[in-house]
Structure formats: structure tokens, C-alpha cells
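Structure record follows, encoded as C-alpha cells.
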Amino acid sequence: MALHSASVSNKLIFAPAGKEAHGQAEQFVRGVLTRSDLDPTSPIRQFHKWFAAAQRSGLVAHPETCCLSTASLPSGRVSSRMVYLKELDDLGFVIYSNFGTSKKARDLATNPWASLTFWWENLERQVRVEGRASRLSREESQAYFDTRVRGSRIGAWSSRQSQILEPVGGGAGEEEDDGRKVLEEWVKETEKRFEGEEHIPVPEFWGGLRIIPESVEFWQGRQNRLHDRFVYEKKPSAEGGLEEWTLDRLSP
């Protein structure tokens, strides 16, 4: 349905709705979430249940896709990027990336807190995870690194993630470079370094990052934006005690 007044001259985008330039957003009608639907004691088990349902549904192409957000201190400036969840265990959520030159590495060096957000549009579900981040051991990272195709392992060694790539001048008749040649040269150097070797060690600057949750929210879209929201919050516990969680419904 088009809005009665969609001409706002000073805005490049105003009230978009899917394919329509202007309109009213569709209603969320696919599900309901109540306390009885949730695991009473563990957000990890509850996430596993929802993740498996997303995989089985055939409606979510890559349920492992999530947004990782970090923030640097003292500025508090936040940065976000899309990553893949690669592991889930009793301790938390694991992603893999470059932690040598990347923006996330600089953020985490000053502030260990991070968040993950999963958005499964066709199920009208969202999960938000907040917690402290810690690096996996080299042995754990190697186990995952070995599952990657050779080209991706070479790429992990080659890229100085987030560094500026300066253009390289080409000869007459050559296509103008925009900085890509530097990256391609790094790849060639790495290929030569590991030529003929099947086993490639995981780089020291690359590996797994586990988000150990302190808070996990489960969100189910509902009509008129009156969504169902439940949040697990970790309780302070005595050293060596069992991990306990509170579970509360939040106002949308």
C-alpha cells in the first residue's frame, strides 16, 4: 500500500517497503513465541534448537550468517561486519577471522566485549548475543583451518586485512590498477611459500574467536510490531558453581 504522502524532496530514501520505493512494511505473521517454547535454563541449547529449525526449514539460505559488532575504547566507536558462525559449544559462539591487522582486532585489543546478531528473515526471527570475546588456541584454530579449501588457506596468509591497497602503475596498454595488484602479488608469494605442501599451518594472526555470552535475546516478529522478545541474562555465580540464567520477557 502506498503512503498518502511519499514526496519528501530532501531524502534519498523514505519509508521503503521491499521492492516499493515508498510503502507500508509487511506484517510479521509467521510465528508466536511464549516462555513455554524456550529452554528454561540454557540459551545455548535454545539457540541450537532455533538454528537447527532454520537449517531444516529450507527458508534460510545461510543461517550461520551473522553480524559481529565490536567497539574501540576510549572512543566507544562501533564497527560491524558480516561473518559466519563456525562453531557452537557449551562455552559460546565461535567465528574465524584475521586478528592481526583488522579493525576488529584493534577494537578487541581495547575492549573485549562484542555482539552477534542473527537475522532469519523468512522465519521472522532474530537472535542477539552479547558477551566477552576470547581467542581460541592455535590447536583449535588449526583443526578448523584444515577444513578450508586450499585457496582460502592461502588467502588467510596473504591478506593484510583492512590495510589500504595502493594502486601500482602499469605499462602502456595495461589495464589501470586500483590496488588489486598488490593483493594478487601477496597471493603469489604465499603460493610460492607453500608450493607442494598439503599441510598449511594456521597463521598466528588468524584463528577462532569465541563470544562467551552474558546475554542472549530471542525475537519473534508479531503483528503491529508487538514482537515477542525473551532475554536470558547470566547470573553471577560462585567460583566453580553451575552457570545459571534468568529468563524474562521484554517489551517490544
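Just so we're on the same page: first chain in the C-alpha cells is A, next is B, and so on; residues restart at 1 for each chain, and ligands are numbered from 1 in the order they show up.
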
Neighbouring residues of stretch 55-59 of chain A were defined as those with any atom within 9 Å, considering only C-alpha atoms; residues of the same chain fewer than 5 positions away were excluded. Please report them as a ChimeraX atom specification. /A:50,120-123

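The neighbours of A:Glu197 here are the residues that come within 12 Å of it, using only C-alpha atoms and leaving out any residue fewer than 6 positions away in the same chain; they are A:Arg150, A:Arg153, A:Ile154, A:Thr190, A:Glu191.
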
If we count only C-alpha atoms and set the cut-off at 9 Å, which residues sit around A:Gly131, ignoring sequence neighbours fewer than 4 positions away in its own chain? Please answer as a JSON list (two decimals) with C-alpha atoms, in the first residue's frame.
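Done, and the output landed in result.json:
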```json
[["chain", "number", "residue", "atom", "x", "y", "z"],
["A", 112, "PRO", "CA", 36.80, -7.46, 24.86],
["A", 113, "TRP", "CA", 33.04, -7.01, 24.63],
["A", 114, "ALA", "CA", 31.35, -7.96, 21.35],
["A", 115, "SER", "CA", 27.94, -8.88, 19.98],
["A", 116, "LEU", "CA", 26.48, -11.15, 17.30],
["A", 211, "ILE", "CA", 31.90, -14.94, 22.13],
["A", 212, "ILE", "CA", 31.10, -16.15, 25.66],
["A", 213, "PRO", "CA", 27.54, -14.94, 26.19],
["A", 214, "GLU", "CA", 26.36, -12.83, 29.09],
["A", 215, "SER", "CA", 23.06, -12.03, 27.40],
["A", 216, "VAL", "CA", 21.09, -13.77, 24.61]]
```

What separation in Å, quoted to one decimal, exists between atom CA of A:Gln220 and atom CA of A:Gly31? 6.7 Å

Selection: 12 Å around A:Arg45, only C-alpha atoms, excl. self and same-chain fewer than 6 positions, as a PyMOL selection string: chain A and resi 38-39+51-52+88-93+216+232

Those same residues - C-alpha atoms - I'd like them written as a PDB file, in the first residue's frame.
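Output (result.pdb):
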```pdb
ATOM      1  CA  LEU A  38      12.004 -21.803  25.359  1.00  0.00           C
ATOM      2  CA  ASP A  39      14.583 -23.913  27.138  1.00  0.00           C
ATOM      3  CA  PHE A  51      19.463 -22.869  14.390  1.00  0.00           C
ATOM      4  CA  ALA A  52      18.546 -26.469  13.552  1.00  0.00           C
ATOM      5  CA  LEU A  88      28.763 -23.617  18.882  1.00  0.00           C
ATOM      6  CA  ASP A  89      29.672 -25.323  22.152  1.00  0.00           C
ATOM      7  CA  ASP A  90      28.777 -25.085  25.822  1.00  0.00           C
ATOM      8  CA  LEU A  91      31.081 -22.086  26.174  1.00  0.00           C
ATOM      9  CA  GLY A  92      29.712 -19.973  23.333  1.00  0.00           C
ATOM     10  CA  PHE A  93      29.689 -18.906  19.691  1.00  0.00           C
ATOM     11  CA  VAL A 216      21.092 -13.766  24.610  1.00  0.00           C
ATOM     12  CA  TYR A 232      18.490 -14.771  29.007  1.00  0.00           C
TER      13      TYR A 232
END
```

DSSP-assigned helix (DSSP H, G or I) among stretch 5-245 of chain A, expressed as number ranges by chain: A: 35-37, 43-57, 103-110, 121-123, 138-145, 150-158, 180-193, 223-225

Got time to write the residues from that selection, C-alpha atoms, as a CSV table (one decimal), in the first residue's frame?
```
chain,number,residue,atom,x,y,z
A,35,ARG,CA,8.0,-18.7,27.6
A,36,SER,CA,6.9,-22.4,27.4
A,37,ASP,CA,8.6,-22.6,23.9
A,43,PRO,CA,20.3,-20.1,25.9
A,44,ILE,CA,22.9,-22.2,24.2
A,45,ARG,CA,20.5,-25.1,23.9
A,46,GLN,CA,17.7,-22.8,22.8
A,47,PHE,CA,19.9,-21.3,20.1
A,48,HIS,CA,20.9,-24.8,18.9
A,49,LYS,CA,17.2,-25.6,18.6
A,50,TRP,CA,16.4,-22.5,16.6
A,51,PHE,CA,19.5,-22.9,14.4
A,52,ALA,CA,18.5,-26.5,13.6
A,53,ALA,CA,15.0,-25.4,12.7
A,54,ALA,CA,16.3,-22.7,10.4
A,55,GLN,CA,18.5,-25.2,8.6
A,56,ARG,CA,15.6,-27.7,8.2
A,57,SER,CA,13.1,-25.1,7.1
A,103,LYS,CA,39.6,-3.3,12.6
A,104,LYS,CA,38.0,-5.9,14.8
A,105,ALA,CA,41.4,-6.8,16.2
A,106,ARG,CA,42.2,-3.2,17.1
A,107,ASP,CA,38.8,-2.9,18.8
A,108,LEU,CA,39.1,-6.1,20.8
A,109,ALA,CA,42.6,-5.1,21.9
A,110,THR,CA,41.0,-2.2,23.9
A,121,GLU,CA,14.0,-13.1,7.6
A,122,ASN,CA,11.8,-15.8,6.2
A,123,LEU,CA,11.2,-17.2,9.7
A,138,ARG,CA,46.2,-22.4,18.0
A,139,GLU,CA,45.4,-26.1,18.1
A,140,GLU,CA,41.7,-25.5,18.0
A,141,SER,CA,42.1,-22.9,15.1
A,142,GLN,CA,44.3,-25.4,13.2
A,143,ALA,CA,41.5,-28.0,13.4
A,144,TYR,CA,39.1,-25.7,11.6
A,145,PHE,CA,41.7,-24.2,9.3
A,150,ARG,CA,43.5,-24.6,-0.1
A,151,GLY,CA,42.7,-21.3,-1.8
A,152,SER,CA,41.1,-20.0,1.4
A,153,ARG,CA,44.0,-21.1,3.5
A,154,ILE,CA,46.4,-19.3,1.1
A,155,GLY,CA,44.1,-16.2,1.2
A,156,ALA,CA,44.2,-16.1,5.0
A,157,TRP,CA,48.1,-16.0,4.9
A,158,SER,CA,48.1,-13.5,2.0
A,180,ARG,CA,44.2,-5.2,-6.6
A,181,LYS,CA,47.6,-6.0,-8.0
A,182,VAL,CA,49.2,-5.7,-4.6
A,183,LEU,CA,46.9,-8.3,-3.2
A,184,GLU,CA,47.5,-10.6,-6.1
A,185,GLU,CA,51.2,-10.3,-5.6
A,186,TRP,CA,50.8,-11.3,-1.9
A,187,VAL,CA,48.9,-14.3,-3.0
A,188,LYS,CA,51.6,-15.3,-5.5
A,189,GLU,CA,54.2,-15.0,-2.7
A,190,THR,CA,52.2,-17.2,-0.4
A,191,GLU,CA,51.6,-19.8,-3.2
A,192,LYS,CA,55.3,-20.0,-3.7
A,193,ARG,CA,56.0,-20.3,0.0
A,223,GLN,CA,1.7,-8.1,14.0
A,224,ASN,CA,1.8,-4.4,14.5
A,225,ARG,CA,5.4,-4.5,15.7
```

When DSSP is applied to the backbone of this structure, which of stretch 103-252 of chain A are assigned strand (DSSP E)? Write them out as a PyMOL selection string. chain A and resi 113-120+125-135+206-220+228-234+245-250

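One distance worth recording is that between atom CA of A:Ser75 and atom CA of A:Gln161, which is 22.0 Å.
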
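Separating atom CA of A:Phe118 from atom CA of A:Arg160 is a distance of 27.1 Å.
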
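Residues in contact with stretch 240-252 of chain A at up to 6 Å, not including ones fewer than 6 positions away on its chain and judged by only C-alpha atoms, are Leu226, His227, Arg229, Phe230, Val231, Tyr232, Glu233 and Lys234 of chain A.
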
Requested write-out: N, CA and C atoms of the selected residues, as a short mmCIF file (atom, residue, chain, number, x, y, z; two decimals), in the first residue's frame:
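The resulting again.cif:
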```
data_model
loop_
_atom_site.label_atom_id
_atom_site.label_comp_id
_atom_site.auth_asym_id
_atom_site.auth_seq_id
_atom_site.Cartn_x
_atom_site.Cartn_y
_atom_site.Cartn_z
N LEU A 226 4.34 -5.62 17.64
CA LEU A 226 4.26 -6.04 19.04
C LEU A 226 4.94 -7.40 19.17
N HIS A 227 6.23 -7.40 18.93
CA HIS A 227 7.01 -8.62 18.82
C HIS A 227 7.15 -9.35 20.16
N ARG A 229 9.67 -10.98 22.63
CA ARG A 229 11.10 -10.89 22.94
C ARG A 229 11.36 -11.51 24.31
N PHE A 230 12.33 -12.43 24.35
CA PHE A 230 12.76 -13.02 25.61
C PHE A 230 14.27 -12.94 25.71
N VAL A 231 14.76 -12.58 26.88
CA VAL A 231 16.20 -12.44 27.06
C VAL A 231 16.68 -13.30 28.22
N TYR A 232 17.77 -14.05 27.97
CA TYR A 232 18.49 -14.77 29.01
C TYR A 232 19.63 -13.87 29.48
N GLU A 233 19.77 -13.71 30.80
CA GLU A 233 20.88 -12.96 31.37
C GLU A 233 21.62 -13.87 32.35
N LYS A 234 22.95 -13.90 32.22
CA LYS A 234 23.74 -14.77 33.09
C LYS A 234 23.77 -14.22 34.51
#
```

Could I get the residues of stretch 188-251 of chain A with an atom no further than 10 Å from an atom of stretch 77-87 of chain A, each paired with its nearest atom pair and that distance in Å to one decimal, using only C-alpha atoms, sorted by chain and residue number, as CSV?
```
residue,atom,partner,partner_atom,distance
A:Gly208,CA,A:Lys86,CA,8.9
A:Leu209,CA,A:Glu87,CA,9.9
A:Arg210,CA,A:Glu87,CA,8.7
```
